[in-house]
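Containing compact mmCIF, C-alpha atoms and all ligand atoms: model_35.txt.
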# COMPACT_ATOMS: atom_id res chain seq x y z
CA MET A 25 8.38 7.49 13.23
CA SER A 26 10.26 4.64 14.92
CA ARG A 27 12.31 5.07 18.05
CA ILE A 28 14.28 2.04 16.95
CA THR A 29 14.90 1.07 13.33
CA TYR A 30 16.47 -2.07 11.89
CA VAL A 31 19.21 -1.35 9.33
CA ASN A 32 21.23 -4.15 7.76
CA GLY A 33 21.56 -6.38 10.81
CA ARG A 34 21.45 -3.74 13.56
CA TYR A 35 18.73 -2.23 15.73
CA VAL A 36 19.63 1.45 16.05
CA PRO A 37 18.02 4.63 17.41
CA SER A 38 16.08 5.98 14.45
CA ARG A 39 17.88 9.32 14.36
CA GLU A 40 21.14 7.40 13.84
CA ALA A 41 19.67 5.00 11.25
CA CYS A 42 21.29 5.58 7.86
CA VAL A 43 22.28 3.86 4.65
CA SER A 44 25.15 4.62 2.29
CA VAL A 45 24.77 7.36 -0.35
CA GLU A 46 25.82 4.62 -2.77
CA ASP A 47 22.84 2.47 -1.86
CA ARG A 48 21.07 1.71 -5.15
CA GLY A 49 17.77 2.54 -3.53
CA TYR A 50 19.04 6.09 -2.98
CA GLN A 51 20.61 6.43 -6.43
CA PHE A 52 18.23 4.51 -8.72
CA ALA A 53 15.12 3.73 -6.63
CA ASP A 54 16.36 0.17 -7.23
CA GLY A 55 14.35 -1.50 -4.50
CA VAL A 56 10.96 -2.52 -3.18
CA TYR A 57 8.93 -2.01 -0.03
CA GLU A 58 6.02 -3.26 2.02
CA VAL A 59 3.70 -1.59 4.49
CA CYS A 60 2.22 -4.07 6.93
CA GLU A 61 -0.58 -2.86 9.16
CA VAL A 62 -0.49 -3.38 12.92
CA PHE A 63 -3.93 -3.35 14.55
CA GLY A 64 -4.31 -3.82 18.30
CA GLY A 65 -0.75 -5.17 18.38
CA ALA A 66 -1.44 -7.80 15.70
CA LEU A 67 0.30 -7.92 12.32
CA ILE A 68 -2.44 -8.00 9.71
CA ASP A 69 -2.06 -10.26 6.68
CA GLU A 70 1.63 -10.83 7.39
CA ASP A 71 1.91 -13.90 5.12
CA ARG A 72 0.44 -12.04 2.17
CA HIS A 73 2.74 -9.06 2.69
CA LEU A 74 5.80 -11.29 2.88
CA GLU A 75 4.72 -13.19 -0.22
CA ARG A 76 4.20 -9.92 -2.17
CA LEU A 77 7.65 -8.76 -1.01
CA ARG A 78 9.19 -12.03 -2.23
CA ARG A 79 7.45 -11.59 -5.58
CA SER A 80 8.49 -7.93 -5.98
CA LEU A 81 12.12 -8.87 -5.24
CA ALA A 82 11.99 -11.81 -7.65
CA GLU A 83 10.54 -9.65 -10.45
CA LEU A 84 13.49 -7.24 -10.07
CA LYS A 85 16.04 -10.07 -9.58
CA ILE A 86 17.06 -8.77 -6.15
CA GLU A 87 18.22 -11.46 -3.70
CA GLU A 88 16.12 -11.77 -0.55
CA PRO A 89 18.20 -9.92 2.08
CA VAL A 90 17.24 -12.36 4.87
CA SER A 91 15.16 -15.52 5.09
CA LYS A 92 11.42 -15.25 5.59
CA ALA A 93 11.80 -16.64 9.13
CA ALA A 94 14.46 -14.04 9.98
CA LEU A 95 12.29 -11.26 8.57
CA ARG A 96 9.36 -12.40 10.73
CA THR A 97 11.63 -12.17 13.77
CA ILE A 98 12.82 -8.68 12.79
CA LEU A 99 9.22 -7.49 12.35
CA ARG A 100 8.31 -8.74 15.83
CA GLU A 101 11.43 -7.22 17.34
CA ILE A 102 10.72 -3.79 15.78
CA ARG A 103 7.10 -3.99 16.88
CA ALA A 104 8.19 -4.79 20.45
CA ARG A 105 11.06 -2.29 20.66
CA ASN A 106 8.72 0.49 19.48
CA ARG A 107 5.79 -0.74 21.61
CA LEU A 108 3.68 -0.54 18.47
CA ARG A 109 -0.05 -1.19 18.99
CA ASN A 110 -1.62 0.61 16.04
CA GLY A 111 0.10 1.80 12.90
CA TYR A 112 2.36 -0.02 10.51
CA LEU A 113 5.71 -1.64 9.90
CA TYR A 114 7.65 -0.35 6.90
CA ILE A 115 9.99 -2.78 5.14
CA GLN A 116 12.38 -1.64 2.42
CA ALA A 117 14.81 -3.84 0.53
CA THR A 118 17.19 -2.56 -2.15
CA ARG A 119 19.82 -4.10 -4.42
CA GLY A 120 22.50 -2.89 -2.02
CA VAL A 121 25.55 -0.63 -2.10
CA ALA A 122 27.77 -0.34 -5.18
CA HIS A 123 29.59 2.33 -7.21
CA ARG A 124 27.06 4.11 -9.34
CA ASP A 125 26.51 2.25 -12.61
CA HIS A 126 23.16 1.36 -14.13
CA PRO A 127 23.62 -2.40 -14.68
CA PHE A 128 23.38 -4.71 -11.66
CA PRO A 129 26.59 -4.86 -9.58
CA ASP A 130 28.84 -7.73 -10.69
CA PRO A 131 29.59 -9.62 -8.51
CA PRO A 132 26.22 -9.01 -6.83
CA THR A 133 26.16 -6.97 -3.62
CA ARG A 134 24.23 -7.95 -0.54
CA ALA A 135 20.70 -6.52 -0.59
CA SER A 136 19.99 -3.79 1.97
CA LEU A 137 17.15 -4.14 4.44
CA VAL A 138 15.47 -1.50 6.58
CA VAL A 139 12.48 -2.07 8.90
CA ALA A 140 10.83 0.84 10.72
CA ALA A 141 7.64 1.36 12.70
CA LYS A 142 5.06 4.11 12.62
CA SER A 143 2.38 4.55 15.21
CA ILE A 144 -0.98 5.99 14.10
CA PRO A 145 -3.73 6.71 16.62
CA PRO A 146 -6.79 4.67 15.50
CA GLU A 147 -9.13 7.62 16.20
CA LYS A 148 -7.61 9.47 13.26
CA GLY A 149 -8.80 6.90 10.71
CA GLU A 150 -12.18 6.55 12.39
CA ALA A 151 -12.84 10.29 12.22
CA ALA A 152 -11.83 10.34 8.53
CA ALA A 153 -14.12 7.37 7.81
CA ARG A 154 -17.09 9.02 9.51
CA ALA A 155 -16.70 12.12 7.35
CA GLY A 156 -15.49 10.37 4.18
CA VAL A 157 -12.58 11.61 2.11
CA LYS A 158 -12.21 13.62 -1.08
CA VAL A 159 -10.42 12.41 -4.18
CA THR A 160 -9.08 14.24 -7.23
CA SER A 161 -8.27 12.65 -10.57
CA ALA A 162 -4.84 12.83 -12.20
CA PRO A 163 -3.31 11.22 -15.28
CA ASP A 164 -1.57 7.92 -14.55
CA LEU A 165 2.04 8.76 -15.46
CA ARG A 166 3.61 5.62 -13.94
CA TRP A 167 5.66 2.88 -15.63
CA LYS A 168 4.04 -0.26 -17.02
CA ARG A 169 4.84 -2.63 -14.11
CA VAL A 170 3.15 -1.02 -11.13
CA ASP A 171 2.18 -4.50 -9.90
CA ILE A 172 5.73 -4.51 -8.49
CA LYS A 173 5.81 -2.56 -5.21
CA SER A 174 8.87 -0.56 -6.18
CA ILE A 175 10.15 2.41 -4.16
CA ALA A 176 10.10 4.55 -7.37
CA LEU A 177 7.02 6.59 -6.46
CA LEU A 178 7.57 9.99 -8.05
CA PRO A 179 4.32 10.02 -10.12
CA ASN A 180 2.41 8.91 -7.00
CA VAL A 181 4.07 11.66 -4.94
CA LEU A 182 3.21 14.34 -7.51
CA ALA A 183 -0.40 13.15 -7.83
CA ARG A 184 -0.88 13.07 -4.06
CA GLN A 185 0.67 16.53 -3.70
CA ALA A 186 -1.70 17.89 -6.37
CA ALA A 187 -4.60 16.26 -4.49
CA LYS A 188 -3.46 17.79 -1.21
CA GLU A 189 -3.25 21.24 -2.79
CA LYS A 190 -6.91 20.83 -3.79
CA GLY A 191 -7.91 19.79 -0.27
CA ALA A 192 -8.27 16.11 -1.21
CA TYR A 193 -6.92 13.03 0.57
CA GLU A 194 -6.15 10.81 -2.41
CA ALA A 195 -5.60 11.03 -6.18
CA TRP A 196 -7.24 8.52 -8.51
CA LEU A 197 -4.93 7.80 -11.42
CA ILE A 198 -6.62 7.74 -14.82
CA ASP A 199 -5.15 5.63 -17.62
CA ASP A 200 -4.91 6.63 -21.30
CA ASP A 201 -8.40 5.19 -21.95
CA GLY A 202 -10.06 7.34 -19.27
CA LEU A 203 -10.32 4.37 -16.89
CA VAL A 204 -9.45 4.51 -13.21
CA SER A 205 -6.27 2.51 -12.50
CA GLU A 206 -6.14 2.93 -8.72
CA GLY A 207 -5.30 5.52 -6.09
CA ALA A 208 -1.80 6.96 -5.75
CA ALA A 209 -1.46 4.87 -2.55
CA SER A 210 -4.63 2.76 -2.47
CA ASN A 211 -6.92 0.61 -4.61
CA ALA A 212 -10.06 2.24 -6.03
CA TRP A 213 -13.59 0.83 -5.71
CA ILE A 214 -17.15 1.84 -6.54
CA VAL A 215 -20.62 0.52 -5.82
CA ASP A 216 -22.06 0.88 -9.32
CA ALA A 217 -25.54 2.03 -10.40
CA ARG A 218 -26.82 -1.57 -10.04
CA GLY A 219 -25.44 -1.90 -6.50
CA VAL A 220 -22.53 -4.15 -7.53
CA VAL A 221 -19.20 -3.68 -5.74
CA VAL A 222 -16.54 -3.13 -8.42
CA THR A 223 -12.77 -2.87 -8.46
CA ARG A 224 -10.28 -3.13 -11.34
CA GLN A 225 -8.96 -6.59 -12.13
CA LEU A 226 -5.32 -7.45 -11.37
CA GLY A 227 -2.67 -7.02 -14.04
CA HIS A 228 0.46 -4.97 -14.63
CA SER A 229 -1.46 -1.69 -14.27
CA ILE A 230 -2.36 -1.87 -10.56
CA LEU A 231 -0.76 -2.99 -7.33
CA PRO A 232 -2.28 -6.24 -6.03
CA GLY A 233 -3.34 -4.63 -2.75
CA ILE A 234 -3.36 -6.94 0.26
CA THR A 235 -6.36 -5.12 1.74
CA ARG A 236 -8.06 -5.56 -1.66
CA THR A 237 -7.42 -9.34 -1.66
CA THR A 238 -8.68 -9.81 1.89
CA LEU A 239 -11.70 -7.59 1.31
CA ILE A 240 -12.71 -9.64 -1.75
CA GLU A 241 -12.78 -12.71 0.51
CA LEU A 242 -14.88 -10.86 3.09
CA ILE A 243 -17.27 -9.65 0.35
CA ALA A 244 -17.69 -13.24 -0.90
CA ALA A 245 -18.31 -14.54 2.62
CA GLU A 246 -20.94 -11.85 3.08
CA GLY A 247 -22.67 -12.81 -0.20
CA LEU A 248 -22.44 -9.31 -1.75
CA THR A 249 -22.40 -9.02 -5.54
CA PHE A 250 -18.93 -8.20 -6.75
CA GLU A 251 -17.19 -7.74 -10.09
CA GLU A 252 -13.55 -7.26 -11.02
CA ARG A 253 -13.59 -4.94 -14.03
CA LYS A 254 -12.37 -1.59 -15.22
CA PHE A 255 -14.52 1.48 -14.64
CA SER A 256 -14.26 5.01 -16.00
CA LEU A 257 -14.04 8.26 -14.09
CA ASP A 258 -17.52 9.10 -15.46
CA GLU A 259 -18.93 5.85 -14.08
CA ALA A 260 -17.34 6.60 -10.70
CA LEU A 261 -18.93 10.06 -10.67
CA ALA A 262 -22.35 8.47 -11.27
CA ALA A 263 -21.78 5.59 -8.80
CA ARG A 264 -23.84 5.02 -5.68
CA GLU A 265 -20.69 4.89 -3.56
CA ALA A 266 -16.94 4.98 -3.86
CA PHE A 267 -14.17 3.95 -1.50
CA ILE A 268 -10.46 3.16 -1.31
CA THR A 269 -8.50 0.39 0.38
CA GLY A 270 -4.97 0.20 1.71
CA ALA A 271 -3.01 -1.06 4.70
CA THR A 272 -3.02 2.34 6.40
CA THR A 273 -6.51 3.52 5.36
CA LEU A 274 -8.24 0.08 5.50
CA VAL A 275 -11.64 0.71 3.86
CA MET A 276 -12.16 4.46 3.50
CA PRO A 277 -15.38 5.95 2.06
CA VAL A 278 -14.95 8.51 -0.73
CA VAL A 279 -17.61 11.22 -0.73
CA ASP A 280 -16.34 13.59 -3.41
CA ILE A 281 -14.42 13.20 -6.65
CA ASP A 282 -13.11 16.32 -8.42
CA GLY A 283 -15.47 18.49 -6.37
CA LYS A 284 -18.58 16.44 -7.25
CA PRO A 285 -20.46 14.56 -4.53
CA ILE A 286 -20.72 10.77 -4.81
CA GLY A 287 -24.21 9.50 -3.99
CA ASP A 288 -25.64 11.82 -1.36
CA GLY A 289 -22.18 13.12 -0.52
CA ARG A 290 -21.91 11.06 2.67
CA PRO A 291 -20.12 7.76 3.39
CA GLY A 292 -22.19 5.00 1.81
CA PRO A 293 -23.72 2.03 3.68
CA VAL A 294 -21.75 -0.58 1.73
CA ALA A 295 -18.41 1.14 2.33
CA LEU A 296 -19.15 1.48 6.04
CA LYS A 297 -20.28 -2.13 6.26
CA LEU A 298 -17.09 -3.30 4.54
CA ARG A 299 -14.99 -1.14 6.86
CA GLY A 300 -16.71 -2.84 9.80
CA LEU A 301 -16.10 -6.29 8.32
CA PHE A 302 -12.43 -5.49 7.82
CA HIS A 303 -12.13 -4.25 11.41
CA ASP A 304 -13.70 -7.48 12.68
CA PHE A 305 -11.26 -9.49 10.57
CA ALA A 306 -8.30 -7.44 11.88
CA ALA A 307 -9.49 -7.68 15.48
CA HIS A 308 -9.48 -11.49 15.18
CA SER A 309 -6.00 -11.71 13.60
CA ASN A 310 -3.19 -13.45 15.60
N1 LIG B 401 -2.10 0.79 -4.79
C1 LIG B 401 -1.01 1.52 -4.52
C2 LIG B 401 -0.38 2.31 -5.63
C3 LIG B 401 -0.46 1.56 -3.23
O1 LIG B 401 0.64 2.30 -2.98
C4 LIG B 401 -1.09 0.84 -2.19
C5 LIG B 401 -0.57 0.86 -0.82
O2 LIG B 401 0.41 1.46 -0.51
C6 LIG B 401 -2.25 0.09 -2.50
C7 LIG B 401 -2.71 0.09 -3.81
C8 LIG B 401 -2.95 -0.70 -1.44
O3 LIG B 401 -2.20 -1.85 -1.14
P1 LIG B 401 -2.31 -2.53 0.30
O4 LIG B 401 -3.74 -2.86 0.52
O5 LIG B 401 -1.44 -3.73 0.18
O6 LIG B 401 -1.79 -1.54 1.27
Any chance you could give the structure as C-alpha cells?
Ligand code: PLP
Amino acid sequence: MSRITYVNGRYVPSREACVSVEDRGYQFADGVYEVCEVFGGALIDEDRHLERLRRSLAELKIEEPVSKAALRTILREIRARNRLRNGYLYIQATRGVAHRDHPFPDPPTRASLVVAAKSIPPEKGEAAARAGVKVTSAPDLRWKRVDIKSIALLPNVLARQAAKEKGAYEAWLIDDDGLVSEGAASNAWIVDARGVVVTRQLGHSILPGITRTTLIELIAAEGLTFEERKFSLDEALAAREAFITGATTLVMPVVDIDGKPIGDGRPGPVALKLRGLFHDFAAHSN
C-alpha cells in the first residue's frame, strides 16, 4: 500500500495513518469511496471519479470534506509522494467523528478524508487478461441503492470470498429475478448470441462504473453494436463472450462462469479488442 497517506489534512507515513475509533465510517460504514486508476503516471477519468464522489456524498448528505480543487491537489501530491506510475488512488470520505448515535451528528461534524495509493505491476493484469478469469454466481444480497459508492461492502466481500474459495476471480451478483446485476467489484458484460455487446442499464441496482461509461463511448466510436439491457445468468452462460470492467481490472475477459466455459473457453476477440481500445485511451490521458 502507500508509503505516504493523506489523513484529514496531513501527509503521514502509512503505518502511522489512523482515524478515530469514533469515526462514523468505522462504526456505521457511514461514508463513500472512489478508486481512481493511475496508468503510466496519468490519472484516468479523474473528472468522472470526482463527479461520482460528489454525487455519492450528496446522496448521503455528507458535506464535501475539501473543495474539488483541493482534492485534485491532494491526489497529485499522494501520487508524487508515492512515486505511483501504475495502480490506483483510493479516496475515502466519511461523515466524520462523533459519539456513537445513529442519527447524523448535530451540529454536523467535519467529514473525514483519507487518500492512499496502491501500486500494481501492469504485467499482472496483462497475464490475467491473456488467460481470462473465472466467475462464480452469488445471490445479490445488497441494499437497494448500490448506485451510491458506499463503503458498506459486506455482501460484496462475502461474495468475493466465496468466489475465491472456488478458484474464481469475481462473483456475479444475481438479483431476485435471476438477472445479473453486476460483479462484486466490477460491471458485468456479455457479447450475446447475435454478437451484440450488452451491459445492464443504469439505475439503483448497479454502480455507474466509470470504466463502463468510458467504454460505452469507445464502443460507439468504434461502431460496434451495443445494448444497455438486463441479461440472465442463463443468457450469459450461452453468450459468445463475457467480460468485466473496473478501474483496477480495466476490461477483463471472463472465460468460465460457475465452472462452465464461455464460448470456446478462451478470451474472446471483442473483449480483447475493447481492452486494447481502453489501453489506448488510457495511454493518451493527461
Ligand atoms: N460495480 C461495483 C460493485 C464496483 O465495486 C466497481 C468498482 O469498484 C465497479 C462496478 C466498477 O466501477 P469503476 O469502473 O468505476 O471502477
How would you write, as a list of chain:residue names, the set of residues no farther than 6 Å from ligand LIG 401 (chain B) when counting only C-alpha atoms and all ligand atoms?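 Checked against 6 Å with only C-alpha atoms and all ligand atoms; the hits are A:Gly207, A:Ala208, A:Ala209, A:Ser210, A:Asn211, A:Leu231, A:Gly233, A:Ile234, A:Thr235, A:Arg236, A:Thr269, A:Gly270, A:Ala271.
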Prev. selection, C-alpha atoms, output as a CSV table (one decimal), keeping the file's coordinate frame:
chain,number,residue,atom,x,y,z
A,207,GLY,CA,-5.3,5.5,-6.1
A,208,ALA,CA,-1.8,7.0,-5.8
A,209,ALA,CA,-1.5,4.9,-2.6
A,210,SER,CA,-4.6,2.8,-2.5
A,211,ASN,CA,-6.9,0.6,-4.6
A,231,LEU,CA,-0.8,-3.0,-7.3
A,233,GLY,CA,-3.3,-4.6,-2.8
A,234,ILE,CA,-3.4,-6.9,0.3
A,235,THR,CA,-6.4,-5.1,1.7
A,236,ARG,CA,-8.1,-5.6,-1.7
A,269,THR,CA,-8.5,0.4,0.4
A,270,GLY,CA,-5.0,0.2,1.7
A,271,ALA,CA,-3.0,-1.1,4.7
Shell of 9 Å around region 135-150 of chain A, only C-alpha atoms, local chain residues under 4 positions omitted, as a VMD selection string: chain A and resid 25 to 33 38 43 47 49 55 62 to 63 86 to 90 98 to 99 102 to 103 106 to 121 154 to 155 272 to 274 276
Distance query 8 Å from (-8.6, 2.8, -18.8) using all atoms listed in the file, result as a PyMOL selection string: chain A and resi 198-205+254-256
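Between Tyr50 (chain A) and the candidates A:His123, A:His303, A:Arg105, A:Arg96, the tightest atom-to-atom separation, counting only C-alpha atoms, involves A:His123.
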Contacts of region 246-250 of chain A within 9 Å, all atoms listed in the file, excl. fewer than 6 positions in-chain, as a list of chain:residue names: A:Val215, A:Gly219, A:Val220, A:Val221, A:Val222, A:Thr223, A:Ile240
Give one line per residue of region 63-110 of chain A that approaches region 175-190 of chain A to at most 12 Å, naming the two atoms of the closest pair and their distance in Å to one decimal, counting all atoms listed in the file; sort by chain then ascending residue number and deliver it as JSON lines.
{"residue": "A:Leu77", "atom": "CA", "partner": "A:Ile175", "partner_atom": "CA", "distance": 11.9}
{"residue": "A:Ser80", "atom": "CA", "partner": "A:Ile175", "partner_atom": "CA", "distance": 10.6}
{"residue": "A:Leu81", "atom": "CA", "partner": "A:Ile175", "partner_atom": "CA", "distance": 11.5}
{"residue": "A:Leu84", "atom": "CA", "partner": "A:Ile175", "partner_atom": "CA", "distance": 11.8}
Can you write out the residues you just picked, keeping C-alpha atoms, as a PDB file, keeping the file's coordinate frame?
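Result written to result-v5.pdb:
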ATOM      1  CA  LEU A  77       7.650  -8.760  -1.010  1.00  0.00           C
ATOM      2  CA  SER A  80       8.490  -7.930  -5.980  1.00  0.00           C
ATOM      3  CA  LEU A  81      12.120  -8.870  -5.240  1.00  0.00           C
ATOM      4  CA  LEU A  84      13.490  -7.240 -10.070  1.00  0.00           C
TER       5      LEU A  84
END
